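Trainee: Below is the structure I would like to discuss, written out as structure tokens.
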Amino acid sequence: MTEPMNQQIRLRATPEGVPTADHFVLSESAVVPPGDGEILCKNLYLSLDPYMRSQIAGRHISGSIKPGDLLLGETVSEVLESRHPDFQAGDTILVRGNWQTYCTVEPITDPERFDRTRILDARIMPQTLALGSLGMPGLTAYAGLKHLAEPKAGDVLVVSAAAGAVGSVVGQYAKSLGCKVIGIAGSDEKCAWLLEEAGFDACINYKKESVADGIDRLCPNGVDIYFDNVGGETLDAVIWRLAIGARVVLCGMISVINQTGVPTGPGLGSVIKARATVRGLVVYDFMDQMGDMVDTFLPLIAAGKMKFLEDLSEGIEAAPAAFSRLMAGKNHGKTIVKLD
């Protein structure tokens, strides 16, 4: 019987601007059996996330990727063989399995590590939710909103990249807490999903209407909470329309993530004028909240009060094109690659 080969995606060249599939290369190598303290896994689902572009650019706290390197990323995986006491063959786990079909790793079990290996909560179905609404994007939304934005019923919340993996959860969680929620997205299709499925109160299609005009129209008394996933001109437009005592959560900079230079930012005079609080969000600071997040969001999903949208591709060879779509803003929901 032919032994399976491990298919891997490596960086061929560092992109300038939006990456394309040509910046990546598919390679094969033998599957490595586990040594003492290691596990051999078959990767089932791969999460693709915007922070990976920062890794490629060499400016992310989780690591950098250079030409020839294997792309990093979290996976839902099945343990095939274990030489580690905490894991057994047949376990379904969350692990940094990376852009490949198999991984042989020494599990990270330190509970303080953001990338620790853990057995998948059996309540999470479909399993892809562990990479989206009930995974790192969900925790980002939960921690940023609960601990940094401190929402109150009646607050007007605006969230950018609202149809994305983080933004859609932010908005739906805020709705469950009694906030008025306004999304910013880049297509009629995305706005329709946010309004009709996710239950947002309003949505600004920034390709048809300026963010400034949309906020003026929908938020006559200003914005109480702005959850920013994009930075750039969108951040600048919203930050001048903050209500007194507003809270701003800076989560992502997707509008400038493909740039090679250092972007300019909004004038901080607007923050002073609004007496606003601006706080930076690093999800790794809140890993101990993962269980609380799952316990909070599972009932909302079960009750149909929190919907999820997944952009699912099949096959490891599809990962570069899927990632390129994500970086160009052409994805619809959480970007995941089905590997099995």
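Letters for chains follow the order of the structure tokens (A, B, ...), residue numbers begin at 1 for each chain, and ligand numbers begin at 1 in the order shown.
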Identify, with DSSP run on backbone atoms, the residues in stretch 139-251 of chain A assigned to helix (DSSP H, G or I), and express the list as a JSON list (two decimals) with all heavy atoms, in the first residue's frame.
Mentor:
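Output file out_10.json follows:
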```
[["chain", "number", "residue", "atom", "x", "y", "z"],
["A", 139, "LEU", "N", -13.45, 34.63, 19.92],
["A", 139, "LEU", "CA", -12.83, 35.14, 21.14],
["A", 139, "LEU", "C", -12.41, 36.60, 20.96],
["A", 139, "LEU", "O", -12.54, 37.41, 21.90],
["A", 139, "LEU", "CB", -11.62, 34.29, 21.51],
["A", 139, "LEU", "CG", -10.87, 34.71, 22.78],
["A", 139, "LEU", "CD1", -11.78, 34.61, 24.00],
["A", 139, "LEU", "CD2", -9.63, 33.85, 22.98],
["A", 140, "THR", "N", -11.93, 36.95, 19.79],
["A", 140, "THR", "CA", -11.57, 38.34, 19.51],
["A", 140, "THR", "C", -12.78, 39.25, 19.69],
["A", 140, "THR", "O", -12.70, 40.31, 20.32],
["A", 140, "THR", "CB", -11.01, 38.47, 18.09],
["A", 140, "THR", "OG1", -9.87, 37.60, 17.95],
["A", 140, "THR", "CG2", -10.60, 39.88, 17.77],
["A", 141, "ALA", "N", -13.91, 38.83, 19.12],
["A", 141, "ALA", "CA", -15.14, 39.61, 19.24],
["A", 141, "ALA", "C", -15.61, 39.69, 20.69],
["A", 141, "ALA", "O", -15.97, 40.76, 21.19],
["A", 141, "ALA", "CB", -16.22, 38.99, 18.36],
["A", 142, "TYR", "N", -15.60, 38.56, 21.36],
["A", 142, "TYR", "CA", -16.09, 38.48, 22.74],
["A", 142, "TYR", "C", -15.25, 39.33, 23.68],
["A", 142, "TYR", "O", -15.77, 40.17, 24.43],
["A", 142, "TYR", "CB", -16.06, 37.02, 23.18],
["A", 142, "TYR", "CG", -16.45, 36.76, 24.63],
["A", 142, "TYR", "CD1", -17.78, 36.72, 25.00],
["A", 142, "TYR", "CD2", -15.47, 36.53, 25.59],
["A", 142, "TYR", "CE1", -18.13, 36.46, 26.33],
["A", 142, "TYR", "CE2", -15.82, 36.27, 26.91],
["A", 142, "TYR", "CZ", -17.15, 36.24, 27.27],
["A", 142, "TYR", "OH", -17.49, 35.98, 28.58],
["A", 143, "ALA", "N", -13.94, 39.15, 23.64],
["A", 143, "ALA", "CA", -13.06, 39.87, 24.55],
["A", 143, "ALA", "C", -13.04, 41.36, 24.24],
["A", 143, "ALA", "O", -13.09, 42.20, 25.14],
["A", 143, "ALA", "CB", -11.65, 39.29, 24.47],
["A", 144, "GLY", "N", -12.97, 41.70, 22.95],
["A", 144, "GLY", "CA", -12.91, 43.10, 22.58],
["A", 144, "GLY", "C", -14.16, 43.85, 22.98],
["A", 144, "GLY", "O", -14.10, 44.98, 23.49],
["A", 145, "LEU", "N", -15.32, 43.22, 22.77],
["A", 145, "LEU", "CA", -16.56, 43.90, 23.10],
["A", 145, "LEU", "C", -16.80, 43.93, 24.61],
["A", 145, "LEU", "O", -17.05, 44.98, 25.20],
["A", 145, "LEU", "CB", -17.73, 43.21, 22.39],
["A", 145, "LEU", "CG", -19.05, 43.99, 22.38],
["A", 145, "LEU", "CD1", -18.89, 45.33, 21.70],
["A", 145, "LEU", "CD2", -20.14, 43.19, 21.69],
["A", 146, "LYS", "N", -16.68, 42.78, 25.26],
["A", 146, "LYS", "CA", -17.01, 42.70, 26.68],
["A", 146, "LYS", "C", -16.02, 43.44, 27.55],
["A", 146, "LYS", "O", -16.40, 44.22, 28.44],
["A", 146, "LYS", "CB", -17.08, 41.23, 27.12],
["A", 146, "LYS", "CG", -17.40, 41.05, 28.60],
["A", 146, "LYS", "CD", -17.51, 39.57, 28.97],
["A", 146, "LYS", "CE", -17.81, 39.41, 30.45],
["A", 146, "LYS", "NZ", -17.94, 37.97, 30.83],
["A", 147, "HIS", "N", -14.74, 43.24, 27.32],
["A", 147, "HIS", "CA", -13.72, 43.74, 28.24],
["A", 147, "HIS", "C", -13.16, 45.11, 27.85],
["A", 147, "HIS", "O", -12.71, 45.85, 28.73],
["A", 147, "HIS", "CB", -12.59, 42.74, 28.35],
["A", 147, "HIS", "CG", -13.00, 41.44, 28.97],
["A", 147, "HIS", "ND1", -13.34, 41.30, 30.29],
["A", 147, "HIS", "CD2", -13.16, 40.19, 28.43],
["A", 147, "HIS", "CE1", -13.67, 40.05, 30.55],
["A", 147, "HIS", "NE2", -13.57, 39.36, 29.43],
["A", 148, "LEU", "N", -13.17, 45.45, 26.57],
["A", 148, "LEU", "CA", -12.61, 46.72, 26.15],
["A", 148, "LEU", "C", -13.67, 47.77, 25.82],
["A", 148, "LEU", "O", -13.52, 48.94, 26.17],
["A", 148, "LEU", "CB", -11.68, 46.53, 24.95],
["A", 148, "LEU", "CG", -10.51, 45.56, 25.13],
["A", 148, "LEU", "CD1", -9.58, 45.61, 23.92],
["A", 148, "LEU", "CD2", -9.73, 45.86, 26.41],
["A", 149, "ALA", "N", -14.75, 47.36, 25.18],
["A", 149, "ALA", "CA", -15.79, 48.32, 24.80],
["A", 149, "ALA", "C", -16.81, 48.56, 25.91],
["A", 149, "ALA", "O", -17.45, 49.60, 25.95],
["A", 149, "ALA", "CB", -16.51, 47.84, 23.54],
["A", 167, "GLY", "N", -16.15, 40.66, 12.66],
["A", 167, "GLY", "CA", -17.17, 41.70, 12.65],
["A", 167, "GLY", "C", -18.58, 41.19, 12.79],
["A", 167, "GLY", "O", -19.41, 41.79, 13.50],
["A", 168, "SER", "N", -18.89, 40.07, 12.14],
["A", 168, "SER", "CA", -20.26, 39.54, 12.22],
["A", 168, "SER", "C", -20.59, 39.07, 13.62],
["A", 168, "SER", "O", -21.74, 39.21, 14.07],
["A", 168, "SER", "CB", -20.44, 38.40, 11.22],
["A", 168, "SER", "OG", -19.56, 37.32, 11.49],
["A", 169, "VAL", "N", -19.61, 38.53, 14.34],
["A", 169, "VAL", "CA", -19.85, 38.08, 15.71],
["A", 169, "VAL", "C", -19.96, 39.29, 16.64],
["A", 169, "VAL", "O", -20.81, 39.32, 17.54],
["A", 169, "VAL", "CB", -18.74, 37.12, 16.17],
["A", 169, "VAL", "CG1", -18.95, 36.71, 17.62],
["A", 169, "VAL", "CG2", -18.70, 35.88, 15.28],
["A", 170, "VAL", "N", -19.12, 40.30, 16.42],
["A", 170, "VAL", "CA", -19.20, 41.52, 17.23],
["A", 170, "VAL", "C", -20.62, 42.08, 17.18],
["A", 170, "VAL", "O", -21.24, 42.39, 18.20],
["A", 170, "VAL", "CB", -18.19, 42.57, 16.73],
["A", 170, "VAL", "CG1", -18.50, 43.94, 17.34],
["A", 170, "VAL", "CG2", -16.77, 42.16, 17.08],
["A", 171, "GLY", "N", -21.14, 42.24, 15.96],
["A", 171, "GLY", "CA", -22.46, 42.83, 15.81],
["A", 171, "GLY", "C", -23.56, 42.01, 16.45],
["A", 171, "GLY", "O", -24.45, 42.55, 17.13],
["A", 172, "GLN", "N", -23.52, 40.70, 16.27],
["A", 172, "GLN", "CA", -24.59, 39.85, 16.81],
["A", 172, "GLN", "C", -24.50, 39.74, 18.33],
["A", 172, "GLN", "O", -25.52, 39.71, 19.02],
["A", 172, "GLN", "CB", -24.52, 38.47, 16.16],
["A", 172, "GLN", "CG", -24.86, 38.52, 14.67],
["A", 172, "GLN", "CD", -24.78, 37.16, 14.01],
["A", 172, "GLN", "OE1", -25.75, 36.40, 13.97],
["A", 172, "GLN", "NE2", -23.62, 36.84, 13.47],
["A", 173, "TYR", "N", -23.28, 39.71, 18.87],
["A", 173, "TYR", "CA", -23.13, 39.71, 20.32],
["A", 173, "TYR", "C", -23.63, 41.03, 20.89],
["A", 173, "TYR", "O", -24.34, 41.06, 21.91],
["A", 173, "TYR", "CB", -21.66, 39.48, 20.66],
["A", 173, "TYR", "CG", -21.35, 39.37, 22.14],
["A", 173, "TYR", "CD1", -22.27, 38.82, 23.04],
["A", 173, "TYR", "CD2", -20.13, 39.80, 22.63],
["A", 173, "TYR", "CE1", -21.96, 38.72, 24.40],
["A", 173, "TYR", "CE2", -19.81, 39.69, 23.99],
["A", 173, "TYR", "CZ", -20.74, 39.16, 24.86],
["A", 173, "TYR", "OH", -20.45, 39.06, 26.20],
["A", 174, "ALA", "N", -23.30, 42.13, 20.23],
["A", 174, "ALA", "CA", -23.77, 43.44, 20.70],
["A", 174, "ALA", "C", -25.29, 43.53, 20.67],
["A", 174, "ALA", "O", -25.91, 44.09, 21.59],
["A", 174, "ALA", "CB", -23.15, 44.55, 19.85],
["A", 175, "LYS", "N", -25.92, 42.96, 19.64],
["A", 175, "LYS", "CA", -27.39, 42.94, 19.58],
["A", 175, "LYS", "C", -27.96, 42.19, 20.77],
["A", 175, "LYS", "O", -28.98, 42.60, 21.36],
["A", 175, "LYS", "CB", -27.85, 42.32, 18.28],
["A", 175, "LYS", "CG", -27.76, 43.20, 17.07],
["A", 175, "LYS", "CD", -28.72, 44.40, 17.15],
["A", 175, "LYS", "CE", -30.17, 43.96, 17.10],
["A", 175, "LYS", "NZ", -31.09, 45.13, 17.13],
["A", 176, "SER", "N", -27.34, 41.09, 21.14],
["A", 176, "SER", "CA", -27.84, 40.30, 22.27],
["A", 176, "SER", "C", -27.74, 41.06, 23.58],
["A", 176, "SER", "O", -28.42, 40.73, 24.56],
["A", 176, "SER", "CB", -27.09, 38.97, 22.37],
["A", 176, "SER", "OG", -25.79, 39.14, 22.94],
["A", 188, "ASP", "N", -23.53, 44.84, -1.69],
["A", 188, "ASP", "CA", -24.95, 44.69, -1.35],
["A", 188, "ASP", "C", -25.23, 43.30, -0.80],
["A", 188, "ASP", "O", -26.07, 43.13, 0.09],
["A", 188, "ASP", "CB", -25.81, 44.92, -2.59],
["A", 188, "ASP", "CG", -25.86, 46.40, -2.99],
["A", 188, "ASP", "OD1", -25.55, 47.26, -2.14],
["A", 188, "ASP", "OD2", -26.21, 46.68, -4.16],
["A", 189, "GLU", "N", -24.53, 42.29, -1.31],
["A", 189, "GLU", "CA", -24.73, 40.92, -0.85],
["A", 189, "GLU", "C", -24.36, 40.79, 0.63],
["A", 189, "GLU", "O", -25.09, 40.19, 1.43],
["A", 189, "GLU", "CB", -23.90, 39.95, -1.68],
["A", 189, "GLU", "CG", -24.07, 38.49, -1.29],
["A", 189, "GLU", "CD", -23.22, 37.56, -2.12],
["A", 189, "GLU", "OE1", -22.42, 38.04, -2.95],
["A", 189, "GLU", "OE2", -23.34, 36.33, -1.93],
["A", 190, "LYS", "N", -23.23, 41.38, 1.01],
["A", 190, "LYS", "CA", -22.80, 41.31, 2.41],
["A", 190, "LYS", "C", -23.77, 42.10, 3.30],
["A", 190, "LYS", "O", -24.14, 41.63, 4.39],
["A", 190, "LYS", "CB", -21.38, 41.85, 2.55],
["A", 190, "LYS", "CG", -20.32, 40.96, 1.92],
["A", 190, "LYS", "CD", -18.92, 41.55, 2.08],
["A", 190, "LYS", "CE", -17.88, 40.64, 1.44],
["A", 190, "LYS", "NZ", -16.50, 41.19, 1.59],
["A", 191, "CYS", "N", -24.18, 43.27, 2.86],
["A", 191, "CYS", "CA", -25.13, 44.07, 3.65],
["A", 191, "CYS", "C", -26.45, 43.33, 3.80],
["A", 191, "CYS", "O", -27.06, 43.36, 4.89],
["A", 191, "CYS", "CB", -25.34, 45.43, 3.01],
["A", 191, "CYS", "SG", -23.97, 46.59, 3.25],
["A", 192, "ALA", "N", -26.91, 42.68, 2.75],
["A", 192, "ALA", "CA", -28.17, 41.95, 2.83],
["A", 192, "ALA", "C", -28.09, 40.83, 3.86],
["A", 192, "ALA", "O", -29.03, 40.60, 4.63],
["A", 192, "ALA", "CB", -28.54, 41.39, 1.45],
["A", 193, "TRP", "N", -26.96, 40.11, 3.88],
["A", 193, "TRP", "CA", -26.81, 39.03, 4.87],
["A", 193, "TRP", "C", -26.80, 39.59, 6.28],
["A", 193, "TRP", "O", -27.43, 39.03, 7.19],
["A", 193, "TRP", "CB", -25.52, 38.25, 4.61],
["A", 193, "TRP", "CG", -25.38, 37.07, 5.52],
["A", 193, "TRP", "CD1", -25.90, 35.82, 5.33],
["A", 193, "TRP", "CD2", -24.69, 37.02, 6.78],
["A", 193, "TRP", "NE1", -25.58, 35.00, 6.39],
["A", 193, "TRP", "CE2", -24.84, 35.70, 7.29],
["A", 193, "TRP", "CE3", -23.97, 37.95, 7.51],
["A", 193, "TRP", "CZ2", -24.30, 35.31, 8.50],
["A", 193, "TRP", "CZ3", -23.42, 37.55, 8.73],
["A", 193, "TRP", "CH2", -23.58, 36.25, 9.21],
["A", 194, "LEU", "N", -26.12, 40.70, 6.48],
["A", 194, "LEU", "CA", -26.05, 41.31, 7.81],
["A", 194, "LEU", "C", -27.44, 41.75, 8.28],
["A", 194, "LEU", "O", -27.78, 41.58, 9.46],
["A", 194, "LEU", "CB", -25.09, 42.49, 7.79],
["A", 194, "LEU", "CG", -23.61, 42.13, 7.63],
["A", 194, "LEU", "CD1", -22.79, 43.38, 7.32],
["A", 194, "LEU", "CD2", -23.07, 41.44, 8.87],
["A", 195, "LEU", "N", -28.23, 42.29, 7.39],
["A", 195, "LEU", "CA", -29.56, 42.77, 7.77],
["A", 195, "LEU", "C", -30.56, 41.63, 7.92],
["A", 195, "LEU", "O", -31.31, 41.58, 8.90],
["A", 195, "LEU", "CB", -30.06, 43.77, 6.72],
["A", 195, "LEU", "CG", -29.28, 45.08, 6.60],
["A", 195, "LEU", "CD1", -29.76, 45.88, 5.39],
["A", 195, "LEU", "CD2", -29.41, 45.91, 7.87],
["A", 196, "GLU", "N", -30.56, 40.71, 6.97],
["A", 196, "GLU", "CA", -31.60, 39.68, 6.91],
["A", 196, "GLU", "C", -31.29, 38.46, 7.76],
["A", 196, "GLU", "O", -32.20, 37.82, 8.30],
["A", 196, "GLU", "CB", -31.83, 39.26, 5.46],
["A", 196, "GLU", "CG", -32.33, 40.41, 4.57],
["A", 196, "GLU", "CD", -32.25, 40.08, 3.09],
["A", 196, "GLU", "OE1", -32.00, 38.89, 2.76],
["A", 196, "GLU", "OE2", -32.41, 41.00, 2.27],
["A", 211, "VAL", "N", -18.52, 56.40, 4.11],
["A", 211, "VAL", "CA", -18.74, 56.04, 5.50],
["A", 211, "VAL", "C", -19.18, 57.27, 6.29],
["A", 211, "VAL", "O", -20.08, 57.20, 7.14],
["A", 211, "VAL", "CB", -17.47, 55.42, 6.11],
["A", 211, "VAL", "CG1", -17.62, 55.24, 7.61],
["A", 211, "VAL", "CG2", -17.16, 54.09, 5.43],
["A", 212, "ALA", "N", -18.59, 58.41, 5.99],
["A", 212, "ALA", "CA", -18.95, 59.64, 6.71],
["A", 212, "ALA", "C", -20.42, 59.97, 6.52],
["A", 212, "ALA", "O", -21.15, 60.26, 7.49],
["A", 212, "ALA", "CB", -18.08, 60.80, 6.21],
["A", 213, "ASP", "N", -20.91, 59.91, 5.28],
["A", 213, "ASP", "CA", -22.32, 60.20, 5.03],
["A", 213, "ASP", "C", -23.23, 59.17, 5.70],
["A", 213, "ASP", "O", -24.29, 59.51, 6.24],
["A", 213, "ASP", "CB", -22.60, 60.23, 3.52],
["A", 213, "ASP", "CG", -22.00, 61.47, 2.84],
["A", 213, "ASP", "OD1", -21.63, 62.41, 3.57],
["A", 213, "ASP", "OD2", -21.92, 61.47, 1.60],
["A", 214, "GLY", "N", -22.81, 57.92, 5.66],
["A", 214, "GLY", "CA", -23.62, 56.88, 6.28],
["A", 214, "GLY", "C", -23.73, 57.05, 7.78],
["A", 214, "GLY", "O", -24.82, 56.88, 8.36],
["A", 215, "ILE", "N", -22.63, 57.37, 8.44],
["A", 215, "ILE", "CA", -22.66, 57.58, 9.89],
["A", 215, "ILE", "C", -23.51, 58.81, 10.22],
["A", 215, "ILE", "O", -24.30, 58.80, 11.17],
["A", 215, "ILE", "CB", -21.23, 57.74, 10.44],
["A", 215, "ILE", "CG1", -20.42, 56.46, 10.22],
["A", 215, "ILE", "CG2", -21.27, 58.08, 11.93],
["A", 215, "ILE", "CD1", -20.96, 55.25, 10.92],
["A", 216, "ASP", "N", -23.37, 59.88, 9.45],
["A", 216, "ASP", "CA", -24.17, 61.08, 9.69],
["A", 216, "ASP", "C", -25.66, 60.76, 9.56],
["A", 216, "ASP", "O", -26.49, 61.28, 10.34],
["A", 216, "ASP", "CB", -23.80, 62.18, 8.70],
["A", 216, "ASP", "CG", -22.43, 62.79, 8.98],
["A", 216, "ASP", "OD1", -21.92, 62.60, 10.11],
["A", 216, "ASP", "OD2", -21.86, 63.42, 8.07],
["A", 217, "ARG", "N", -26.00, 59.93, 8.61],
["A", 217, "ARG", "CA", -27.41, 59.59, 8.38],
["A", 217, "ARG", "C", -27.96, 58.66, 9.46],
["A", 217, "ARG", "O", -29.10, 58.85, 9.93],
["A", 217, "ARG", "CB", -27.53, 58.92, 6.99],
["A", 217, "ARG", "CG", -28.91, 58.37, 6.65],
["A", 217, "ARG", "CD", -28.95, 57.90, 5.21],
["A", 217, "ARG", "NE", -27.96, 56.90, 4.90],
["A", 217, "ARG", "CZ", -28.12, 55.59, 5.12],
["A", 217, "ARG", "NH1", -29.24, 55.13, 5.68],
["A", 217, "ARG", "NH2", -27.16, 54.73, 4.81],
["A", 218, "LEU", "N", -27.17, 57.68, 9.88],
["A", 218, "LEU", "CA", -27.67, 56.64, 10.77],
["A", 218, "LEU", "C", -27.40, 56.90, 12.25],
["A", 218, "LEU", "O", -28.06, 56.32, 13.11],
["A", 218, "LEU", "CB", -27.04, 55.29, 10.39],
["A", 218, "LEU", "CG", -27.42, 54.75, 9.00],
["A", 218, "LEU", "CD1", -26.53, 53.58, 8.63],
["A", 218, "LEU", "CD2", -28.89, 54.33, 8.97],
["A", 232, "GLY", "N", -7.34, 53.01, 8.45],
["A", 232, "GLY", "CA", -7.34, 53.89, 7.29],
["A", 232, "GLY", "C", -8.46, 54.91, 7.26],
["A", 232, "GLY", "O", -8.84, 55.49, 8.29],
["A", 233, "GLU", "N", -9.01, 55.16, 6.07],
["A", 233, "GLU", "CA", -10.02, 56.19, 5.88],
["A", 233, "GLU", "C", -11.30, 55.89, 6.66],
["A", 233, "GLU", "O", -11.99, 56.81, 7.10],
["A", 233, "GLU", "CB", -10.33, 56.34, 4.39],
["A", 233, "GLU", "CG", -9.17, 56.87, 3.57],
["A", 233, "GLU", "CD", -9.50, 57.01, 2.11],
["A", 233, "GLU", "OE1", -10.64, 56.63, 1.72],
["A", 233, "GLU", "OE2", -8.65, 57.49, 1.34],
["A", 234, "THR", "N", -11.63, 54.61, 6.81],
["A", 234, "THR", "CA", -12.84, 54.27, 7.56],
["A", 234, "THR", "C", -12.70, 54.67, 9.02],
["A", 234, "THR", "O", -13.60, 55.28, 9.61],
["A", 234, "THR", "CB", -13.12, 52.76, 7.45],
["A", 234, "THR", "OG1", -13.30, 52.41, 6.07],
["A", 234, "THR", "CG2", -14.37, 52.37, 8.23],
["A", 235, "LEU", "N", -11.56, 54.35, 9.62],
["A", 235, "LEU", "CA", -11.31, 54.76, 11.00],
["A", 235, "LEU", "C", -11.36, 56.27, 11.12],
["A", 235, "LEU", "O", -11.95, 56.82, 12.06],
["A", 235, "LEU", "CB", -9.96, 54.23, 11.46],
["A", 235, "LEU", "CG", -9.46, 54.70, 12.82],
["A", 235, "LEU", "CD1", -10.41, 54.29, 13.94],
["A", 235, "LEU", "CD2", -8.05, 54.13, 13.10],
["A", 236, "ASP", "N", -10.77, 56.96, 10.18],
["A", 236, "ASP", "CA", -10.74, 58.42, 10.23],
["A", 236, "ASP", "C", -12.15, 58.99, 10.16],
["A", 236, "ASP", "O", -12.50, 59.93, 10.88],
["A", 236, "ASP", "CB", -9.89, 58.96, 9.08],
["A", 236, "ASP", "CG", -9.50, 60.40, 9.28],
["A", 236, "ASP", "OD1", -9.30, 60.81, 10.44],
["A", 236, "ASP", "OD2", -9.40, 61.14, 8.28],
["A", 237, "ALA", "N", -13.00, 58.42, 9.30],
["A", 237, "ALA", "CA", -14.37, 58.93, 9.16],
["A", 237, "ALA", "C", -15.18, 58.73, 10.43],
["A", 237, "ALA", "O", -15.91, 59.62, 10.86],
["A", 237, "ALA", "CB", -15.05, 58.23, 7.98],
["A", 238, "VAL", "N", -15.05, 57.53, 11.04],
["A", 238, "VAL", "CA", -15.86, 57.24, 12.22],
["A", 238, "VAL", "C", -15.35, 58.01, 13.44],
["A", 238, "VAL", "O", -16.15, 58.51, 14.25],
["A", 238, "VAL", "CB", -15.89, 55.73, 12.51],
["A", 238, "VAL", "CG1", -16.74, 55.45, 13.76],
["A", 238, "VAL", "CG2", -16.45, 54.96, 11.32],
["A", 239, "ILE", "N", -14.05, 58.14, 13.56],
["A", 239, "ILE", "CA", -13.50, 58.71, 14.79],
["A", 239, "ILE", "C", -13.88, 60.19, 14.96],
["A", 239, "ILE", "O", -13.90, 60.70, 16.08],
["A", 239, "ILE", "CB", -11.97, 58.50, 14.82],
["A", 239, "ILE", "CG1", -11.49, 58.36, 16.26],
["A", 239, "ILE", "CG2", -11.24, 59.63, 14.11],
["A", 239, "ILE", "CD1", -10.08, 57.84, 16.38]]
```
Trainee: Do you have, as JSON lines, the list of residues of stretch 113-201 of chain A lying at most 12 Å from stretch 75-97 of chain A, each with its nearest atom pair and that distance in Å to one decimal, counting only C-alpha atoms and ordered by chain then number?
Mentor:
```
{"residue": "A:Arg113", "atom": "CA", "partner": "A:Arg96", "partner_atom": "CA", "distance": 11.9}
{"residue": "A:Phe114", "atom": "CA", "partner": "A:Arg96", "partner_atom": "CA", "distance": 10.4}
{"residue": "A:Asp115", "atom": "CA", "partner": "A:Arg96", "partner_atom": "CA", "distance": 6.7}
{"residue": "A:Arg116", "atom": "CA", "partner": "A:Val95", "partner_atom": "CA", "distance": 7.0}
{"residue": "A:Thr117", "atom": "CA", "partner": "A:Val95", "partner_atom": "CA", "distance": 4.7}
{"residue": "A:Arg118", "atom": "CA", "partner": "A:Leu94", "partner_atom": "CA", "distance": 5.4}
{"residue": "A:Ile119", "atom": "CA", "partner": "A:Ile93", "partner_atom": "CA", "distance": 4.2}
{"residue": "A:Leu120", "atom": "CA", "partner": "A:Ile93", "partner_atom": "CA", "distance": 4.8}
{"residue": "A:Asp121", "atom": "CA", "partner": "A:Ile93", "partner_atom": "CA", "distance": 8.6}
{"residue": "A:Ala122", "atom": "CA", "partner": "A:Thr92", "partner_atom": "CA", "distance": 9.0}
{"residue": "A:Ile124", "atom": "CA", "partner": "A:Thr92", "partner_atom": "CA", "distance": 11.4}
{"residue": "A:Pro126", "atom": "CA", "partner": "A:Val76", "partner_atom": "CA", "distance": 11.2}
{"residue": "A:Gln127", "atom": "CA", "partner": "A:Val76", "partner_atom": "CA", "distance": 7.5}
{"residue": "A:Thr128", "atom": "CA", "partner": "A:Val76", "partner_atom": "CA", "distance": 7.5}
{"residue": "A:Leu129", "atom": "CA", "partner": "A:Val76", "partner_atom": "CA", "distance": 9.9}
{"residue": "A:Ala130", "atom": "CA", "partner": "A:Val76", "partner_atom": "CA", "distance": 7.7}
{"residue": "A:Leu131", "atom": "CA", "partner": "A:Thr75", "partner_atom": "CA", "distance": 7.5}
{"residue": "A:Gly132", "atom": "CA", "partner": "A:Thr75", "partner_atom": "CA", "distance": 11.2}
{"residue": "A:Leu134", "atom": "CA", "partner": "A:Leu94", "partner_atom": "CA", "distance": 11.8}
{"residue": "A:Gly135", "atom": "CA", "partner": "A:Leu94", "partner_atom": "CA", "distance": 9.5}
{"residue": "A:Met136", "atom": "CA", "partner": "A:Leu94", "partner_atom": "CA", "distance": 10.9}
```
Trainee: Do you know which residues are at most 8 Å from A:Arg10 counting only C-alpha atoms, after dropping those on the same chain fewer than 2 positions away, and could you put them as a PyMOL selection string?
Mentor: chain A and resi 8+12+24-27+67-71+99
Trainee: In Å to one decimal, how far is atom CA of A:Ile39 from atom CA of A:Tyr102?
Mentor: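 Computed distance, atom CA of A:Tyr102 to atom CA of A:Ile39, equals 10.6 Å.
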Trainee: Pick out the residues sitting within 7 Å of A:Lys307, and hand them over as a PyMOL selection string; count only C-alpha atoms, and ignore anything fewer than 6 positions along from it in its own chain.
Mentor: chain A and resi 197-198+301
Trainee: Counting only C-alpha atoms, what is within 8 Å of stretch 157-164 of chain A, bar same-chain residues fewer than 6 positions away, as a PDB file with C-alpha atoms, in the first residue's frame?
Mentor:
```pdb
ATOM      1  CA  VAL A 170     -19.205  41.517  17.229  1.00  0.00           C
ATOM      2  CA  GLY A 171     -22.457  42.828  15.812  1.00  0.00           C
ATOM      3  CA  ALA A 174     -23.771  43.438  20.701  1.00  0.00           C
ATOM      4  CA  CYS A 179     -27.079  47.688  21.412  1.00  0.00           C
ATOM      5  CA  LYS A 180     -28.111  49.311  18.151  1.00  0.00           C
ATOM      6  CA  VAL A 181     -25.736  47.804  15.594  1.00  0.00           C
ATOM      7  CA  ILE A 182     -24.595  49.316  12.320  1.00  0.00           C
ATOM      8  CA  GLY A 183     -22.236  47.434  10.020  1.00  0.00           C
ATOM      9  CA  ILE A 184     -19.854  48.658   7.356  1.00  0.00           C
ATOM     10  CA  ALA A 185     -19.321  46.263   4.442  1.00  0.00           C
ATOM     11  CA  GLY A 186     -18.286  46.343   0.792  1.00  0.00           C
ATOM     12  CA  LYS A 190     -22.805  41.313   2.408  1.00  0.00           C
ATOM     13  CA  CYS A 191     -25.127  44.070   3.655  1.00  0.00           C
ATOM     14  CA  TRP A 193     -26.810  39.030   4.869  1.00  0.00           C
ATOM     15  CA  LEU A 194     -26.054  41.307   7.814  1.00  0.00           C
ATOM     16  CA  VAL A 223     -21.199  56.566  17.770  1.00  0.00           C
ATOM     17  CA  ASP A 224     -20.886  55.138  21.290  1.00  0.00           C
ATOM     18  CA  ILE A 225     -18.724  52.137  20.350  1.00  0.00           C
ATOM     19  CA  TYR A 226     -16.602  51.727  17.259  1.00  0.00           C
ATOM     20  CA  PHE A 227     -15.058  48.296  16.719  1.00  0.00           C
ATOM     21  CA  ASP A 228     -12.466  48.848  14.034  1.00  0.00           C
ATOM     22  CA  ASN A 229     -11.215  46.029  11.833  1.00  0.00           C
ATOM     23  CA  VAL A 230      -9.919  48.052   8.880  1.00  0.00           C
ATOM     24  CA  THR A 234     -12.838  54.266   7.559  1.00  0.00           C
ATOM     25  CA  HIS A 332     -17.923  35.909   2.141  1.00  0.00           C
ATOM     26  CA  GLY A 333     -17.607  34.985   5.795  1.00  0.00           C
ATOM     27  CA  LYS A 334     -14.941  33.046   7.649  1.00  0.00           C
TER      28      LYS A 334
END
```
